[in-house]
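K.L.:
My structure file my_file-v3.txt, compact mmCIF, C-alpha atoms, is below:
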```
# COMPACT_ATOMS: atom_id res chain seq x y z
CA MET A 1 13.92 2.14 16.23
CA ALA A 2 15.71 3.35 13.12
CA VAL A 3 15.10 6.97 12.08
CA LYS A 4 14.38 5.74 8.56
CA PRO A 5 12.00 2.77 8.32
CA LYS A 6 13.30 -0.52 6.96
CA LEU A 7 9.90 -1.40 5.47
CA VAL A 8 6.97 0.63 4.12
CA VAL A 9 3.65 -1.20 3.70
CA PHE A 10 0.68 0.06 1.70
CA ASP A 11 -2.97 -0.86 1.54
CA LEU A 12 -4.30 -0.88 -2.06
CA ASP A 13 -7.91 0.34 -2.29
CA TYR A 14 -8.19 4.11 -1.82
CA THR A 15 -4.53 4.18 -0.83
CA LEU A 16 -2.56 3.39 -4.01
CA TRP A 17 -5.57 3.55 -6.33
CA PRO A 18 -8.87 5.48 -6.02
CA PHE A 19 -11.37 2.61 -6.00
CA TRP A 20 -12.26 -0.79 -4.55
CA ILE A 21 -10.83 -3.51 -6.75
CA ASP A 22 -13.77 -5.80 -5.99
CA SER A 23 -16.51 -3.46 -7.18
CA HIS A 24 -15.37 -0.67 -9.52
CA TYR A 25 -13.48 -2.40 -12.35
CA ASP A 26 -13.65 -5.84 -13.90
CA ALA A 27 -10.81 -8.17 -14.83
CA PRO A 28 -9.16 -9.16 -16.97
CA PHE A 29 -7.07 -6.03 -17.25
CA THR A 30 -5.13 -5.02 -20.34
CA LYS A 31 -1.92 -3.06 -20.18
CA ILE A 32 -1.97 -0.45 -22.94
CA SER A 33 1.15 1.36 -21.70
CA LYS A 34 3.00 1.80 -18.42
CA THR A 35 0.42 4.33 -17.22
CA ASN A 36 -2.64 3.16 -19.14
CA VAL A 37 -4.48 0.01 -18.06
CA LYS A 38 -8.03 -0.83 -19.10
CA ASP A 39 -10.53 -3.25 -17.64
CA CYS A 40 -12.51 -5.78 -19.70
CA HIS A 41 -15.09 -3.07 -20.56
CA GLY A 42 -12.43 -0.68 -21.89
CA LYS A 43 -12.56 1.66 -18.86
CA GLN A 44 -9.22 3.18 -17.93
CA VAL A 45 -8.09 2.06 -14.48
CA PRO A 46 -6.55 4.96 -12.52
CA PHE A 47 -3.98 5.16 -9.74
CA TYR A 48 -2.87 8.04 -7.55
CA THR A 49 -0.42 10.07 -9.63
CA ASP A 50 2.51 10.15 -7.19
CA VAL A 51 2.54 6.39 -6.54
CA PRO A 52 5.01 5.20 -9.23
CA LYS A 53 7.64 7.80 -8.28
CA ILE A 54 7.15 7.09 -4.57
CA LEU A 55 7.70 3.37 -5.14
CA GLN A 56 10.79 4.09 -7.27
CA LYS A 57 12.25 6.39 -4.62
CA LEU A 58 11.66 4.00 -1.74
CA LYS A 59 13.30 1.18 -3.67
CA ALA A 60 16.23 3.41 -4.70
CA ASP A 61 16.69 4.37 -1.02
CA GLY A 62 16.99 0.69 -0.11
CA ILE A 63 13.69 0.54 1.77
CA LYS A 64 11.70 -2.69 1.49
CA ILE A 65 8.11 -2.30 0.30
CA GLY A 66 5.03 -4.36 1.07
CA VAL A 67 1.32 -4.58 0.39
CA ALA A 68 -1.33 -5.51 2.94
CA SER A 69 -4.83 -5.64 1.47
CA ARG A 70 -7.99 -7.21 2.90
CA THR A 71 -9.70 -7.60 -0.47
CA SER A 72 -11.33 -10.84 -1.52
CA SER A 73 -10.33 -10.03 -5.13
CA THR A 74 -6.81 -11.34 -4.65
CA ILE A 75 -6.21 -12.46 -8.24
CA GLU A 76 -7.51 -9.19 -9.68
CA ALA A 77 -5.42 -7.08 -7.29
CA LYS A 78 -2.24 -9.00 -8.15
CA GLU A 79 -3.05 -8.75 -11.86
CA LEU A 80 -3.49 -4.99 -11.62
CA ILE A 81 -0.24 -4.59 -9.67
CA LYS A 82 1.51 -6.46 -12.47
CA CYS A 83 -0.17 -4.37 -15.20
CA PHE A 84 0.97 -1.16 -13.49
CA GLU A 85 4.48 -2.72 -13.29
CA TRP A 86 4.55 -2.24 -9.53
CA ASP A 87 5.31 -5.89 -8.81
CA LYS A 88 9.03 -5.16 -9.25
CA TYR A 89 8.87 -2.87 -6.20
CA PHE A 90 6.98 -5.07 -3.74
CA ASP A 91 9.10 -7.35 -1.57
CA TYR A 92 6.16 -8.63 0.50
CA VAL A 93 2.61 -9.11 -0.74
CA GLN A 94 -0.24 -10.04 1.59
CA ILE A 95 -3.55 -9.85 -0.25
CA PHE A 96 -6.44 -11.80 1.27
CA PRO A 97 -9.55 -11.15 3.39
CA GLY A 98 -9.00 -10.93 7.12
CA ALA A 99 -7.40 -8.80 9.78
CA LYS A 100 -4.50 -6.52 8.86
CA THR A 101 -2.71 -7.81 11.93
CA THR A 102 -2.52 -11.22 10.22
CA HIS A 103 -1.02 -9.57 7.14
CA PHE A 104 1.57 -7.87 9.35
CA ASN A 105 2.37 -11.01 11.32
CA ASN A 106 3.13 -12.71 8.00
CA ILE A 107 5.21 -9.79 6.76
CA ARG A 108 7.20 -9.71 9.98
CA ARG A 109 7.76 -13.47 9.81
CA ASP A 110 8.87 -13.34 6.16
CA SER A 111 10.99 -10.18 6.43
CA GLY A 112 12.50 -10.52 9.89
CA ILE A 113 11.89 -6.78 10.29
CA ASP A 114 10.56 -5.61 13.67
CA TYR A 115 7.22 -3.80 13.74
CA GLN A 116 8.89 -0.67 15.13
CA ASP A 117 10.94 -0.43 11.91
CA MET A 118 7.84 -0.36 9.66
CA ILE A 119 5.45 2.32 8.39
CA PHE A 120 1.94 1.49 7.19
CA PHE A 121 -0.31 3.68 5.01
CA ASP A 122 -4.06 2.95 4.83
CA ASP A 123 -7.37 4.75 4.29
CA GLU A 124 -9.33 2.97 7.04
CA HIS A 125 -9.23 4.07 10.68
CA ARG A 126 -9.79 0.54 12.02
CA ASN A 127 -6.72 -0.75 10.20
CA ILE A 128 -4.60 2.15 11.43
CA ARG A 129 -5.70 1.49 15.03
CA ASP A 130 -5.15 -2.28 14.83
CA VAL A 131 -1.73 -2.13 13.17
CA SER A 132 -0.43 0.71 15.36
CA LYS A 133 -1.12 -1.50 18.41
CA LEU A 134 1.53 -3.87 17.04
CA GLY A 135 4.08 -1.04 17.24
CA VAL A 136 4.00 -0.13 13.53
CA THR A 137 3.95 3.59 12.68
CA SER A 138 0.57 3.77 10.94
CA PHE A 139 -0.51 6.75 8.88
CA PHE A 140 -4.11 7.48 7.88
CA VAL A 141 -4.43 8.37 4.20
CA PRO A 142 -7.82 10.02 3.54
CA GLN A 143 -7.13 10.92 -0.11
CA GLY A 144 -4.55 8.47 -1.40
CA VAL A 145 -0.80 8.28 -1.17
CA GLN A 146 0.97 11.44 -2.25
CA ASN A 147 4.47 12.77 -1.70
CA GLU A 148 3.32 14.91 1.24
CA VAL A 149 1.66 11.90 2.88
CA ILE A 150 4.91 9.94 2.67
CA ARG A 151 6.87 12.88 4.10
CA CYS A 152 4.46 13.19 7.04
CA GLY A 153 4.50 9.44 7.65
CA PHE A 154 8.29 9.40 7.75
CA GLU A 155 8.26 12.38 10.11
CA ASN A 156 5.87 10.54 12.44
CA HIS A 157 8.13 7.48 12.34
CA LYS A 158 11.20 9.55 13.16
CA ASN A 159 9.40 11.17 16.09
CA GLY A 160 7.94 7.91 17.42
CA VAL A 161 4.30 8.86 16.69
CA LYS A 162 2.45 5.56 16.17
CA HIS A 163 -0.62 6.92 14.36
CA ASN A 164 -2.20 10.14 13.14
CA ILE A 165 -5.88 9.49 13.98
```
What does this structure look like when you write it as structure tokens?
P.N.:
Amino acid sequence: MAVKPKLVVFDLDYTLWPFWIDSHYDAPFTKISKTNVKDCHGKQVPFYTDVPKILQKLKADGIKIGVASRTSSTIEAKELIKCFEWDKYFDYVQIFPGAKTTHFNNIRRDSGIDYQDMIFFDDEHRNIRDVSKLGVTSFFVPQGVQNEVIRCGFENHKNGVKHNI
């Protein structure tokens, strides 16, 4: 296992943004500026503040980035990622209903990266448990991705801790 992960994978809902894409906002989305996106009713769509800089730093450090989301609102999630201009950071995108283990099997197949060289951040205990069983360092995120969460996740990875729940 590498001290630094080769791939970092994020859930979307309540991990990168503070809502469920399938119930809180309605597409189509309109990009007003890089940090201002509105839904079809004119409501501003938020994201966790640290996310853009975290994605930039991971990419600058040469770490691959992925998304694994179980939402049934696949088109809307991809549209929102594009509006936030995060699509340029994501190397692997798995957005569809079903088990997170399926998402990770696909990511592993497509990337060639071993599970032990990945970190996963998610807000649901069941996903953390399931993915950690694959050998992925999985970090529970109760209040969204922030710089401190990333630091702790990397520390767990370095120390061989498979999950924090």
K.L.:
Using all atoms listed in the file for the distances, tell me which of A:Asp91, A:Glu148, A:Asp123, A:Asp117 is nearest to Val136 in chain A.
P.N.:
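Under the stated criterion, the closest residue is A:Asp117.
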K.L.:
Write out as CSV the residues of range 83-136 of chain A that have any atom within 9 Å of an atom of range 42-63 of chain A, one row each with the nearest atom pair and its distance in Å to one decimal, counting all atoms listed in the file, sorted by chain and then rising number.
P.N.:
```
residue,atom,partner,partner_atom,distance
A:Phe84,CA,A:Pro52,CA,8.7
A:Glu85,CA,A:Pro52,CA,8.9
A:Trp86,CA,A:Pro52,CA,7.5
A:Tyr89,CA,A:Leu55,CA,6.4
A:Phe90,CA,A:Leu55,CA,8.6
```
K.L.:
Include C-alpha atoms and write out the residues we just selected as a PDB file, in the frame of the given file.
P.N.:
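Result file out-v5.pdb:
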```pdb
ATOM      1  CA  PHE A  84       0.970  -1.160 -13.490  1.00  0.00           C
ATOM      2  CA  GLU A  85       4.480  -2.720 -13.290  1.00  0.00           C
ATOM      3  CA  TRP A  86       4.550  -2.240  -9.530  1.00  0.00           C
ATOM      4  CA  TYR A  89       8.870  -2.870  -6.200  1.00  0.00           C
ATOM      5  CA  PHE A  90       6.980  -5.070  -3.740  1.00  0.00           C
TER       6      PHE A  90
END
```
K.L.:
What is the distance between CA of Asp87 in chain A and CA of Asp11 in chain A, in Å to one decimal?
P.N.:
14.2 Å
K.L.:
If you measure from CA of Met118 in chain A to CA of Asn156 in chain A, what distance in Å do you get, rounded to one decimal?
P.N.:
11.4 Å
K.L.:
What gap, in Å, lies between CA of His163 in chain A and CA of Ser132 in chain A?
P.N.:
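It comes out at 6.3 Å.
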K.L.:
Using only C-alpha atoms, which of the listed residues (A:Pro5, A:Ile95, A:Ser72, A:Phe154) sits closest to Ser23 in chain A?
P.N.:
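Among the listed residues, A:Ser72 lies closest to Ser23 in chain A.
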K.L.:
A:Lys158, A:Ile119, A:Trp17, A:Tyr92: which is nearest Asn106 in chain A, counting all atoms listed in the file?
P.N.:
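Residue with the minimum atom-to-atom distance to Asn106 in chain A: A:Tyr92.
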K.L.:
Please determine, counting all atoms listed in the file, which residue among A:Phe10, A:Val37, A:Asp122, A:Gly135 has the shortest atom-to-atom distance to Glu79 in chain A.
P.N.:
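For Glu79 in chain A, the nearest of the candidates is A:Val37.
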K.L.:
Any idea what's packed within 10 Å of Pro142 in chain A, counting only C-alpha atoms, ignoring anything in its chain fewer than 6 positions away? Could you give it as number ranges by chain?
P.N.:
A: 14-15, 121-125, 149
K.L.:
Which of these, A:Phe19, A:Phe29, A:Val141, A:Lys6, has the shortest distance to Tyr115 in chain A once you count only C-alpha atoms?
P.N.:
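Among the listed residues, the smallest separation from Tyr115 in chain A belongs to A:Lys6.
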K.L.:
Around the point (-9.7, -7.6, -18.2), in the coordinates given by the file, pick out the residues reaching within 10 Å, counting all atoms listed in the file, and return them as a PyMOL selection string.
P.N.:
chain A and resi 25-31+37-43+76+79-80
K.L.:
Taking into account all atoms listed in the file, which residue in the set A:Ser111, A:Arg151, A:Lys78, A:Lys64 is nearest to Ile21 in chain A?
P.N.:
A:Lys78
K.L.:
Mind rebuilding range 130-141 of chain A with all heavy atoms and writing that out as a tab-separated table (two decimals), in the frame of the given file?
P.N.:
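What follows is the written file result.tsv:
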```
chain	number	residue	atom	x	y	z
A	130	ASP	N	-5.59	-0.90	14.58
A	130	ASP	CA	-5.15	-2.28	14.83
A	130	ASP	C	-3.65	-2.46	14.62
A	130	ASP	O	-2.96	-3.06	15.44
A	130	ASP	CB	-5.90	-3.26	13.92
A	130	ASP	CG	-7.37	-3.40	14.26
A	130	ASP	OD1	-7.78	-2.91	15.33
A	130	ASP	OD2	-8.11	-3.99	13.44
A	131	VAL	N	-3.14	-1.93	13.51
A	131	VAL	CA	-1.73	-2.13	13.17
A	131	VAL	C	-0.82	-1.30	14.08
A	131	VAL	O	0.25	-1.75	14.48
A	131	VAL	CB	-1.48	-1.84	11.68
A	131	VAL	CG1	0.00	-1.89	11.33
A	131	VAL	CG2	-2.25	-2.86	10.82
A	132	SER	N	-1.26	-0.10	14.47
A	132	SER	CA	-0.43	0.71	15.36
A	132	SER	C	-0.26	0.03	16.72
A	132	SER	O	0.78	0.20	17.37
A	132	SER	CB	-0.99	2.12	15.51
A	132	SER	OG	-2.21	2.12	16.20
A	133	LYS	N	-1.23	-0.76	17.15
A	133	LYS	CA	-1.12	-1.50	18.41
A	133	LYS	C	0.02	-2.53	18.38
A	133	LYS	O	0.53	-2.92	19.43
A	133	LYS	CB	-2.44	-2.18	18.75
A	133	LYS	CG	-3.52	-1.22	19.18
A	133	LYS	CD	-4.83	-1.95	19.43
A	133	LYS	CE	-5.94	-0.95	19.72
A	133	LYS	NZ	-7.26	-1.61	19.79
A	134	LEU	N	0.40	-2.95	17.18
A	134	LEU	CA	1.53	-3.87	17.04
A	134	LEU	C	2.87	-3.15	17.24
A	134	LEU	O	3.89	-3.80	17.44
A	134	LEU	CB	1.54	-4.52	15.65
A	134	LEU	CG	0.36	-5.42	15.28
A	134	LEU	CD1	0.46	-5.83	13.81
A	134	LEU	CD2	0.32	-6.64	16.18
A	135	GLY	N	2.85	-1.82	17.14
A	135	GLY	CA	4.08	-1.04	17.24
A	135	GLY	C	4.53	-0.48	15.91
A	135	GLY	O	5.59	0.13	15.80
A	136	VAL	N	3.70	-0.65	14.87
A	136	VAL	CA	4.00	-0.13	13.53
A	136	VAL	C	3.54	1.33	13.47
A	136	VAL	O	2.44	1.65	13.91
A	136	VAL	CB	3.25	-0.94	12.45
A	136	VAL	CG1	3.46	-0.34	11.06
A	136	VAL	CG2	3.67	-2.40	12.47
A	137	THR	N	4.39	2.22	12.96
A	137	THR	CA	3.95	3.59	12.68
A	137	THR	C	2.90	3.49	11.59
A	137	THR	O	3.18	3.00	10.50
A	137	THR	CB	5.12	4.47	12.21
A	137	THR	OG1	6.12	4.50	13.22
A	137	THR	CG2	4.66	5.88	11.88
A	138	SER	N	1.69	3.92	11.88
A	138	SER	CA	0.57	3.77	10.94
A	138	SER	C	-0.01	5.13	10.61
A	138	SER	O	-0.33	5.91	11.50
A	138	SER	CB	-0.50	2.87	11.58
A	138	SER	OG	0.04	1.60	11.88
A	139	PHE	N	-0.13	5.42	9.32
A	139	PHE	CA	-0.51	6.75	8.88
A	139	PHE	C	-1.81	6.68	8.08
A	139	PHE	O	-1.89	6.00	7.06
A	139	PHE	CB	0.61	7.36	8.03
A	139	PHE	CG	0.53	8.85	7.94
A	139	PHE	CD1	1.05	9.66	8.94
A	139	PHE	CD2	-0.10	9.46	6.86
A	139	PHE	CE1	0.96	11.04	8.87
A	139	PHE	CE2	-0.19	10.84	6.78
A	139	PHE	CZ	0.34	11.63	7.79
A	140	PHE	N	-2.81	7.41	8.55
A	140	PHE	CA	-4.11	7.48	7.88
A	140	PHE	C	-4.00	8.31	6.61
A	140	PHE	O	-3.47	9.42	6.62
A	140	PHE	CB	-5.15	8.09	8.84
A	140	PHE	CG	-6.50	8.26	8.23
A	140	PHE	CD1	-7.25	7.16	7.83
A	140	PHE	CD2	-7.04	9.52	8.06
A	140	PHE	CE1	-8.51	7.32	7.27
A	140	PHE	CE2	-8.30	9.70	7.50
A	140	PHE	CZ	-9.04	8.59	7.11
A	141	VAL	N	-4.52	7.75	5.52
A	141	VAL	CA	-4.43	8.37	4.20
A	141	VAL	C	-5.85	8.62	3.69
A	141	VAL	O	-6.45	7.74	3.08
A	141	VAL	CB	-3.67	7.43	3.22
A	141	VAL	CG1	-3.56	8.05	1.85
A	141	VAL	CG2	-2.32	7.05	3.76
```
